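Q: One structure coming up, written as structure tokens, with questions to follow.
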Amino acid sequence: MARRTFADRSGNRWEVIPGRSEWSFDPVEGNPGPGRLGAAPGYETDPYELSVEELQRLLDAARPRGPSSRPSPFLD
């Protein structure tokens, strides 16, 4: 699946990483916001097929990504 970068209405840039059931929105290029997870749109699997307005709606509905529930394998 393809990754796409887009700018939201505030000018912050996000990398959209599509998944089967959730899409990840990762901040890039100086975006101070936390990463977000949102439901995948049921009608499209490729973020390049969505308009900026559709991506903005998905980002608005996404929830901030919390810390990982798995312990780090690098900690003793």
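To be explicit about the labels: the chains of the structure tokens are called A, B, and onward in the order shown, and within each one the residues are counted from 1, while ligands get numbers from 1 in the order they are shown.
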Report as an MDAnalysis selection string all protein, DNA and RNA residues lying within 12 Å of range 42-54 of chain A, evaluated on only C-alpha atoms, omitting residues in the same chain fewer than 5 positions from it.
A: chainID A and resid 1:9 13:25 59:61
Q: Go ahead and write the residues just picked, N, CA, C and O atoms, as an mmCIF file, in the first residue's frame.
A:
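See selection_37.cif below for the written result:
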```cif
data_model
loop_
_atom_site.group_PDB
_atom_site.id
_atom_site.type_symbol
_atom_site.label_atom_id
_atom_site.label_comp_id
_atom_site.auth_asym_id
_atom_site.auth_seq_id
_atom_site.Cartn_x
_atom_site.Cartn_y
_atom_site.Cartn_z
ATOM 1 N N MET A 1 0.833 -1.178 0.000
ATOM 2 C CA MET A 1 0.000 0.000 0.000
ATOM 3 C C MET A 1 0.881 1.246 0.000
ATOM 4 O O MET A 1 1.953 1.248 0.573
ATOM 5 N N ALA A 2 0.383 2.271 -0.605
ATOM 6 C CA ALA A 2 1.148 3.502 -0.755
ATOM 7 C C ALA A 2 0.992 4.404 0.459
ATOM 8 O O ALA A 2 -0.051 4.435 1.090
ATOM 9 N N ARG A 3 2.031 5.127 0.766
ATOM 10 C CA ARG A 3 1.984 6.155 1.802
ATOM 11 C C ARG A 3 1.823 7.499 1.102
ATOM 12 O O ARG A 3 2.324 7.698 0.007
ATOM 13 N N ARG A 4 1.139 8.411 1.766
ATOM 14 C CA ARG A 4 0.917 9.732 1.166
ATOM 15 C C ARG A 4 1.165 10.801 2.218
ATOM 16 O O ARG A 4 0.814 10.632 3.379
ATOM 17 N N THR A 5 1.757 11.902 1.808
ATOM 18 C CA THR A 5 1.942 13.051 2.672
ATOM 19 C C THR A 5 0.970 14.129 2.236
ATOM 20 O O THR A 5 0.793 14.358 1.045
ATOM 21 N N PHE A 6 0.321 14.770 3.215
ATOM 22 C CA PHE A 6 -0.585 15.865 2.889
ATOM 23 C C PHE A 6 -0.518 16.918 3.986
ATOM 24 O O PHE A 6 -0.099 16.643 5.107
ATOM 25 N N ALA A 7 -0.930 18.132 3.646
ATOM 26 C CA ALA A 7 -0.967 19.242 4.597
ATOM 27 C C ALA A 7 -2.406 19.462 5.029
ATOM 28 O O ALA A 7 -3.308 19.552 4.193
ATOM 29 N N ASP A 8 -2.631 19.552 6.348
ATOM 30 C CA ASP A 8 -3.975 19.789 6.855
ATOM 31 C C ASP A 8 -4.320 21.272 6.744
ATOM 32 O O ASP A 8 -3.530 22.076 6.260
ATOM 33 N N ARG A 9 -5.509 21.635 7.210
ATOM 34 C CA ARG A 9 -5.963 23.023 7.063
ATOM 35 C C ARG A 9 -5.114 24.016 7.862
ATOM 36 O O ARG A 9 -5.120 25.198 7.584
ATOM 37 N N ARG A 13 1.998 19.053 8.239
ATOM 38 C CA ARG A 13 2.121 17.957 7.267
ATOM 39 C C ARG A 13 2.047 16.618 7.991
ATOM 40 O O ARG A 13 2.600 16.455 9.079
ATOM 41 N N TRP A 14 1.363 15.671 7.349
ATOM 42 C CA TRP A 14 1.145 14.335 7.894
ATOM 43 C C TRP A 14 1.484 13.287 6.845
ATOM 44 O O TRP A 14 1.238 13.497 5.671
ATOM 45 N N GLU A 15 2.036 12.177 7.297
ATOM 46 C CA GLU A 15 2.209 11.026 6.428
ATOM 47 C C GLU A 15 1.081 10.050 6.746
ATOM 48 O O GLU A 15 0.892 9.654 7.902
ATOM 49 N N VAL A 16 0.330 9.686 5.737
ATOM 50 C CA VAL A 16 -0.795 8.773 5.892
ATOM 51 C C VAL A 16 -0.308 7.371 5.546
ATOM 52 O O VAL A 16 0.194 7.136 4.444
ATOM 53 N N ILE A 17 -0.453 6.452 6.504
ATOM 54 C CA ILE A 17 -0.030 5.072 6.303
ATOM 55 C C ILE A 17 -1.278 4.199 6.407
ATOM 56 O O ILE A 17 -1.830 4.023 7.491
ATOM 57 N N PRO A 18 -1.751 3.698 5.274
ATOM 58 C CA PRO A 18 -2.989 2.915 5.303
ATOM 59 C C PRO A 18 -2.775 1.520 5.871
ATOM 60 O O PRO A 18 -1.724 0.912 5.692
ATOM 61 N N GLY A 19 -3.780 1.057 6.574
ATOM 62 C CA GLY A 19 -3.808 -0.305 7.088
ATOM 63 C C GLY A 19 -5.151 -0.918 6.744
ATOM 64 O O GLY A 19 -6.024 -0.263 6.172
ATOM 65 N N ARG A 20 -5.327 -2.136 7.110
ATOM 66 C CA ARG A 20 -6.573 -2.820 6.773
ATOM 67 C C ARG A 20 -7.764 -2.213 7.500
ATOM 68 O O ARG A 20 -8.783 -1.926 6.898
ATOM 69 N N SER A 21 -7.651 -2.013 8.804
ATOM 70 C CA SER A 21 -8.785 -1.485 9.573
ATOM 71 C C SER A 21 -8.536 -0.080 10.113
ATOM 72 O O SER A 21 -9.490 0.607 10.468
ATOM 73 N N GLU A 22 -7.279 0.326 10.208
ATOM 74 C CA GLU A 22 -6.947 1.664 10.709
ATOM 75 C C GLU A 22 -5.894 2.311 9.820
ATOM 76 O O GLU A 22 -5.062 1.621 9.253
ATOM 77 N N TRP A 23 -5.981 3.618 9.744
ATOM 78 C CA TRP A 23 -4.955 4.383 9.052
ATOM 79 C C TRP A 23 -4.198 5.199 10.090
ATOM 80 O O TRP A 23 -4.781 5.752 11.021
ATOM 81 N N SER A 24 -2.891 5.261 9.921
ATOM 82 C CA SER A 24 -2.029 6.004 10.819
ATOM 83 C C SER A 24 -1.682 7.344 10.183
ATOM 84 O O SER A 24 -1.385 7.431 8.997
ATOM 85 N N PHE A 25 -1.747 8.400 10.980
ATOM 86 C CA PHE A 25 -1.360 9.742 10.556
ATOM 87 C C PHE A 25 -0.156 10.134 11.398
ATOM 88 O O PHE A 25 -0.273 10.389 12.594
ATOM 89 N N LEU A 59 -8.619 12.681 9.457
ATOM 90 C CA LEU A 59 -7.707 13.173 10.491
ATOM 91 C C LEU A 59 -8.487 13.783 11.650
ATOM 92 O O LEU A 59 -8.160 13.546 12.813
ATOM 93 N N ASP A 60 -9.542 14.541 11.348
ATOM 94 C CA ASP A 60 -10.359 15.154 12.403
ATOM 95 C C ASP A 60 -11.002 14.092 13.294
ATOM 96 O O ASP A 60 -11.168 14.301 14.500
ATOM 97 N N ALA A 61 -11.388 12.968 12.710
ATOM 98 C CA ALA A 61 -12.054 11.910 13.465
ATOM 99 C C ALA A 61 -11.061 10.963 14.156
ATOM 100 O O ALA A 61 -11.465 10.152 15.000
#
```
Q: As a PyMOL selection string, which residues of chain A does DSSP assign to strand (DSSP E or B)?
A: chain A and resi 4-7+13-17+22-28+36-39+63-64
Q: Record the distance separating CA of Ser10 in chain A and CA of Glu29 in chain A, expressed in Å with one decimal.
A: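 Computing the Euclidean distance for CA of Ser10 in chain A and CA of Glu29 in chain A yields 13.6 Å.
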Q: If you run DSSP on the backbone here, which positions in chain A get helix (DSSP H, G or I)? Please write them as a list in words.
A: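 These are the residues in question: Pro47, Tyr48, Glu49, Val52, Glu53, Glu54, Leu55, Gln56, Arg57, Leu58, Leu59, Asp60 and Ala61 of chain A.
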